[in-house]
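To be precise, the following lines are target_26.cif, and they hold mmCIF, C-alpha atoms.
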```cif
data_upload
#
loop_
_atom_site.group_PDB
_atom_site.id
_atom_site.type_symbol
_atom_site.label_atom_id
_atom_site.label_comp_id
_atom_site.auth_asym_id
_atom_site.auth_seq_id
_atom_site.Cartn_x
_atom_site.Cartn_y
_atom_site.Cartn_z
ATOM 1 C CA MET A 1 34.867 -32.016 -107.381
ATOM 2 C CA SER A 2 32.532 -34.405 -105.623
ATOM 3 C CA ILE A 3 29.233 -33.448 -104.055
ATOM 4 C CA LYS A 4 30.487 -34.737 -100.697
ATOM 5 C CA PHE A 5 33.434 -32.326 -100.802
ATOM 6 C CA LEU A 6 31.130 -29.389 -101.611
ATOM 7 C CA TYR A 7 28.886 -30.256 -98.674
ATOM 8 C CA GLN A 8 31.928 -30.468 -96.390
ATOM 9 C CA LYS A 9 33.064 -26.994 -97.497
ATOM 10 C CA LYS A 10 29.607 -25.523 -96.859
ATOM 11 C CA PHE A 11 29.467 -27.259 -93.485
ATOM 12 C CA ILE A 12 32.769 -25.632 -92.533
ATOM 13 C CA ASP A 13 31.446 -22.222 -93.644
ATOM 14 C CA PHE A 14 28.384 -22.606 -91.445
ATOM 15 C CA PHE A 15 30.545 -23.910 -88.613
ATOM 16 C CA TYR A 16 32.460 -20.593 -88.723
ATOM 17 C CA ILE A 17 29.142 -18.749 -88.487
ATOM 18 C CA PHE A 18 28.240 -20.895 -85.482
ATOM 19 C CA ILE A 19 31.593 -20.131 -83.795
ATOM 20 C CA ILE A 20 31.003 -16.374 -84.199
ATOM 21 C CA PHE A 21 27.444 -16.770 -82.912
ATOM 22 C CA PHE A 22 28.723 -18.848 -79.956
ATOM 23 C CA LEU A 23 31.422 -16.311 -78.993
ATOM 24 C CA ASP A 24 28.824 -13.551 -79.084
ATOM 25 C CA ARG A 25 26.348 -15.555 -76.977
ATOM 26 C CA VAL A 26 28.952 -16.460 -74.345
ATOM 27 C CA THR A 27 30.010 -12.836 -73.857
ATOM 28 C CA LYS A 28 26.431 -11.556 -73.724
ATOM 29 C CA VAL A 29 25.252 -14.239 -71.298
ATOM 30 C CA TYR A 30 28.245 -13.551 -69.032
ATOM 31 C CA VAL A 31 27.712 -9.778 -69.018
ATOM 32 C CA ILE A 32 23.964 -10.190 -68.410
ATOM 33 C CA TYR A 33 24.779 -12.570 -65.556
ATOM 34 C CA LEU A 34 27.194 -10.055 -63.995
ATOM 35 C CA GLY A 35 24.676 -7.229 -64.401
ATOM 36 C CA GLU A 36 21.987 -9.259 -62.642
ATOM 37 C CA LYS A 37 24.363 -10.589 -59.979
ATOM 38 C CA TYR A 38 25.555 -7.156 -58.899
ATOM 39 C CA LEU A 39 22.303 -5.364 -59.777
ATOM 40 C CA ASP A 40 24.383 -2.741 -61.554
ATOM 41 C CA PRO A 41 24.823 -2.171 -65.295
ATOM 42 C CA GLU A 42 28.343 -0.797 -64.636
ATOM 43 C CA ILE A 43 30.433 -3.944 -64.525
ATOM 44 C CA PHE A 44 33.963 -2.655 -65.198
ATOM 45 C CA ASN A 45 35.554 0.789 -65.519
ATOM 46 C CA SER A 46 38.972 1.855 -66.723
ATOM 47 C CA SER A 47 40.546 4.915 -68.307
ATOM 48 C CA PHE A 48 39.597 3.826 -71.848
ATOM 49 C CA LEU A 49 37.206 0.868 -71.575
ATOM 50 C CA ASN A 50 34.010 0.361 -69.620
ATOM 51 C CA ILE A 51 31.793 -2.706 -69.545
ATOM 52 C CA PHE A 52 28.378 -1.143 -69.145
ATOM 53 C CA LEU A 53 25.241 -3.174 -69.944
ATOM 54 C CA ILE A 54 22.533 -1.398 -71.916
ATOM 55 C CA TRP A 55 19.595 -2.850 -73.837
ATOM 56 C CA ASN A 56 19.530 -1.604 -77.416
ATOM 57 C CA LYS A 57 16.176 -1.613 -79.219
ATOM 58 C CA GLY A 58 17.600 0.098 -82.299
ATOM 59 C CA ILE A 59 19.966 -1.175 -84.947
ATOM 60 C CA ALA A 60 23.749 -0.909 -85.274
ATOM 61 C CA PHE A 61 25.396 0.928 -82.355
ATOM 62 C CA GLY A 62 21.999 1.909 -80.922
ATOM 63 C CA LEU A 63 20.993 3.995 -83.931
ATOM 64 C CA PHE A 64 17.286 4.461 -84.587
ATOM 65 C CA SER A 65 16.185 3.226 -81.163
ATOM 66 C CA PHE A 66 12.426 3.071 -80.838
ATOM 67 C CA ASP A 67 9.685 1.612 -78.683
ATOM 68 C CA GLN A 68 6.954 0.924 -81.233
ATOM 69 C CA ASN A 69 6.437 -2.824 -81.547
ATOM 70 C CA SER A 70 5.317 -2.752 -85.170
ATOM 71 C CA LEU A 71 8.384 -0.794 -86.273
ATOM 72 C CA TYR A 72 10.642 -3.026 -84.156
ATOM 73 C CA ASN A 73 9.105 -6.124 -85.764
ATOM 74 C CA LEU A 74 9.510 -4.647 -89.249
ATOM 75 C CA VAL A 75 13.206 -4.005 -88.620
ATOM 76 C CA THR A 76 13.550 -7.575 -87.311
ATOM 77 C CA ILE A 77 11.948 -8.954 -90.495
ATOM 78 C CA ILE A 78 14.282 -6.838 -92.627
ATOM 79 C CA ILE A 79 17.244 -8.226 -90.664
ATOM 80 C CA ILE A 80 16.012 -11.788 -91.320
ATOM 81 C CA ILE A 81 15.826 -11.011 -95.048
ATOM 82 C CA ILE A 82 19.344 -9.532 -94.987
ATOM 83 C CA ILE A 83 20.693 -12.629 -93.213
ATOM 84 C CA SER A 84 19.006 -14.820 -95.838
ATOM 85 C CA VAL A 85 20.706 -12.825 -98.586
ATOM 86 C CA LEU A 86 24.025 -13.127 -96.738
ATOM 87 C CA ILE A 87 23.660 -16.913 -96.583
ATOM 88 C CA PHE A 88 22.988 -16.969 -100.336
ATOM 89 C CA LEU A 89 26.077 -14.794 -100.904
ATOM 90 C CA ILE A 90 28.185 -17.085 -98.709
ATOM 91 C CA ILE A 91 27.141 -20.071 -100.817
ATOM 92 C CA LYS A 92 27.896 -18.245 -104.083
ATOM 93 C CA SER A 93 31.103 -16.439 -103.041
ATOM 94 C CA GLU A 94 34.664 -17.605 -102.729
ATOM 95 C CA LYS A 95 37.779 -16.843 -100.724
ATOM 96 C CA PHE A 96 38.120 -13.450 -99.022
ATOM 97 C CA LYS A 97 34.649 -12.213 -99.927
ATOM 98 C CA LYS A 98 32.998 -15.389 -98.601
ATOM 99 C CA TYR A 99 34.744 -15.076 -95.234
ATOM 100 C CA SER A 100 33.779 -11.414 -95.043
ATOM 101 C CA TYR A 101 30.124 -12.412 -95.511
ATOM 102 C CA ILE A 102 30.579 -15.127 -92.867
ATOM 103 C CA LEU A 103 31.751 -12.513 -90.338
ATOM 104 C CA VAL A 104 28.734 -10.318 -91.048
ATOM 105 C CA ALA A 105 26.272 -13.234 -90.986
ATOM 106 C CA GLY A 106 27.620 -14.648 -87.714
ATOM 107 C CA GLY A 107 27.354 -11.295 -85.977
ATOM 108 C CA ALA A 108 23.943 -10.562 -87.476
ATOM 109 C CA LEU A 109 22.609 -13.924 -86.279
ATOM 110 C CA GLY A 110 23.864 -13.170 -82.777
ATOM 111 C CA ASN A 111 22.045 -9.849 -82.662
ATOM 112 C CA LEU A 112 18.934 -11.323 -84.327
ATOM 113 C CA PHE A 113 18.785 -14.012 -81.646
ATOM 114 C CA ASP A 114 18.769 -11.315 -78.960
ATOM 115 C CA ARG A 115 16.115 -9.275 -80.750
ATOM 116 C CA ILE A 116 13.850 -12.322 -80.820
ATOM 117 C CA VAL A 117 14.581 -13.642 -77.300
ATOM 118 C CA TYR A 118 14.998 -10.393 -75.332
ATOM 119 C CA ASN A 119 13.267 -7.863 -77.637
ATOM 120 C CA ALA A 120 16.514 -5.894 -77.401
ATOM 121 C CA VAL A 121 20.224 -6.443 -77.972
ATOM 122 C CA PRO A 122 22.567 -6.299 -74.975
ATOM 123 C CA ASP A 123 25.434 -3.920 -75.729
ATOM 124 C CA PHE A 124 28.228 -3.530 -73.212
ATOM 125 C CA ILE A 125 31.590 -2.466 -74.689
ATOM 126 C CA ASP A 126 32.124 1.255 -74.081
ATOM 127 C CA ILE A 127 35.386 2.590 -75.501
ATOM 128 C CA HIS A 128 36.157 6.157 -74.506
ATOM 129 C CA TYR A 129 38.830 8.799 -74.254
ATOM 130 C CA ASN A 130 38.315 11.474 -71.596
ATOM 131 C CA GLN A 131 34.715 12.571 -72.093
ATOM 132 C CA PHE A 132 34.347 11.238 -75.657
ATOM 133 C CA HIS A 133 32.509 7.901 -75.717
ATOM 134 C CA TRP A 134 32.042 5.822 -78.855
ATOM 135 C CA PHE A 135 28.732 4.005 -79.288
ATOM 136 C CA ILE A 136 28.310 1.107 -76.881
ATOM 137 C CA PHE A 137 28.505 -2.167 -78.804
ATOM 138 C CA ASN A 138 28.931 -5.933 -78.416
ATOM 139 C CA VAL A 139 30.999 -8.777 -79.869
ATOM 140 C CA ALA A 140 28.525 -9.374 -82.720
ATOM 141 C CA ASP A 141 28.914 -5.732 -83.752
ATOM 142 C CA ILE A 142 32.693 -6.233 -83.884
ATOM 143 C CA PHE A 143 32.343 -9.146 -86.304
ATOM 144 C CA ILE A 144 29.792 -7.272 -88.424
ATOM 145 C CA THR A 145 32.056 -4.222 -88.609
ATOM 146 C CA ILE A 146 35.164 -6.239 -89.487
ATOM 147 C CA GLY A 147 33.206 -8.114 -92.167
ATOM 148 C CA ILE A 148 31.904 -4.890 -93.714
ATOM 149 C CA VAL A 149 35.365 -3.295 -93.649
ATOM 150 C CA CYS A 150 36.721 -6.415 -95.388
ATOM 151 C CA LEU A 151 33.963 -6.213 -98.021
ATOM 152 C CA ILE A 152 34.773 -2.550 -98.654
ATOM 153 C CA PHE A 153 38.481 -3.417 -98.899
ATOM 154 C CA ASP A 154 37.660 -6.229 -101.309
ATOM 155 C CA GLU A 155 35.529 -3.955 -103.445
ATOM 156 C CA ILE A 156 38.073 -1.141 -103.602
ATOM 157 C CA PHE A 157 41.357 -3.041 -103.893
ATOM 158 C CA LEU A 158 40.806 -6.694 -104.753
ATOM 159 C CA GLU A 159 37.878 -6.352 -107.170
ATOM 160 C CA ARG A 160 39.879 -3.906 -109.287
ATOM 161 C CA LYS A 161 42.754 -6.417 -109.597
ATOM 162 C CA ARG A 162 40.368 -9.082 -110.901
ATOM 163 C CA TYR A 163 39.533 -6.935 -113.927
ATOM 164 C CA GLU A 164 43.061 -5.744 -114.722
#
```
Rendering of file as structure tokens:
Amino acid sequence: MSIKFLYQKKFIDFFYIFIIFFLDRVTKVYVIYLGEKYLDPEIFNSSFLNIFLIWNKGIAFGLFSFDQNSLYNLVTIIIIIIISVLIFLIIKSEKFKKYSYILVAGGALGNLFDRIVYNAVPDFIDIHYNQFHWFIFNVADIFITIGIVCLIFDEIFLERKRYE
């Protein structure tokens, strides 16, 4: 395999990360625009889905929200380290596992960008049934969750087949 081919494969991997990042940015910018245009965080309501803009200073699904700058910055640094590890794993992994890491990295970069630019992550997808509401999340969270579910699936079902 030539070096040029390897670079092309890595370029494609990072292009996928960029596509995920881009999709996340487009949705967030549009929802922020609508929230500012109508001066209302409630953008859309239905019987099972609301688009409701909130600013999340915590981590996944608004967990561990806090206002202390030093703790917020520490969490941001930890996220940067995790993304660096994910990029290393993408380079070293193959097939299904690599694409699972790409999903997580693309979503994590989207949320990291918001943490740095806005000091919070805009979340806006509110899925609910009657009075039960799931955590409000965004497109990056969807990619992160799908990637983690794929990694768990790989570990439980595919990893076992490799050793049999």
Would you translate the PyMOL selection byres ((chain A and resi 136) around 7) into the concrete set of residues it matches in this file, as a count of residues only?
-> 8
Quick one: what's the axis-aligned box for range 98-111 of chain A, all listed atoms, 3 Å on every side, centre and edges in Å to one decimal, as JSON?
```
{"center_x": 28.4, "center_y": -12.6, "center_z": -90.6, "size_x": 18.7, "size_y": 11.5, "size_z": 21.9}
```
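Comparing the minimum interatomic distances between Ala105 in chain A and each of A:Asn56, A:Pro41, A:Phe14, A:Leu86, counting only C-alpha atoms, we find that A:Leu86 sits nearest.
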Give me the result of the PyMOL selection byres ((chain A and resi 144) around 8) on this file, residue by residue, as a PyMOL selection string.
-> chain A and resi 103-108+140-143+145-148
On this structure, the PyMOL selection byres ((chain A and resi 118-122) around 8) would catch which residues? List them as a short mmCIF file (atom, residue, chain, number, x, y, z; two decimals) with C-alpha atoms, keeping the file's coordinate frame, sorted by chain and number.
```cif
data_model
loop_
_atom_site.label_atom_id
_atom_site.label_comp_id
_atom_site.auth_asym_id
_atom_site.auth_seq_id
_atom_site.Cartn_x
_atom_site.Cartn_y
_atom_site.Cartn_z
CA LYS A 28 26.43 -11.56 -73.72
CA ILE A 32 23.96 -10.19 -68.41
CA LEU A 53 25.24 -3.17 -69.94
CA ILE A 54 22.53 -1.40 -71.92
CA TRP A 55 19.60 -2.85 -73.84
CA ASN A 56 19.53 -1.60 -77.42
CA LYS A 57 16.18 -1.61 -79.22
CA GLY A 58 17.60 0.10 -82.30
CA ASN A 111 22.04 -9.85 -82.66
CA ASP A 114 18.77 -11.32 -78.96
CA ARG A 115 16.11 -9.28 -80.75
CA ILE A 116 13.85 -12.32 -80.82
CA VAL A 117 14.58 -13.64 -77.30
CA ASP A 123 25.43 -3.92 -75.73
CA PHE A 124 28.23 -3.53 -73.21
CA ASN A 138 28.93 -5.93 -78.42
#
```
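What separates CA of Val26 in chain A from CA of Val149 in chain A is a distance of 24.2 Å.
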Hey, what's within 10 Å of Lys10 in chain A if we count all atoms listed in the file and toss same-chain stuff fewer than 6 positions away? As a ChimeraX atom specification, please?
-> /A:16,90-91
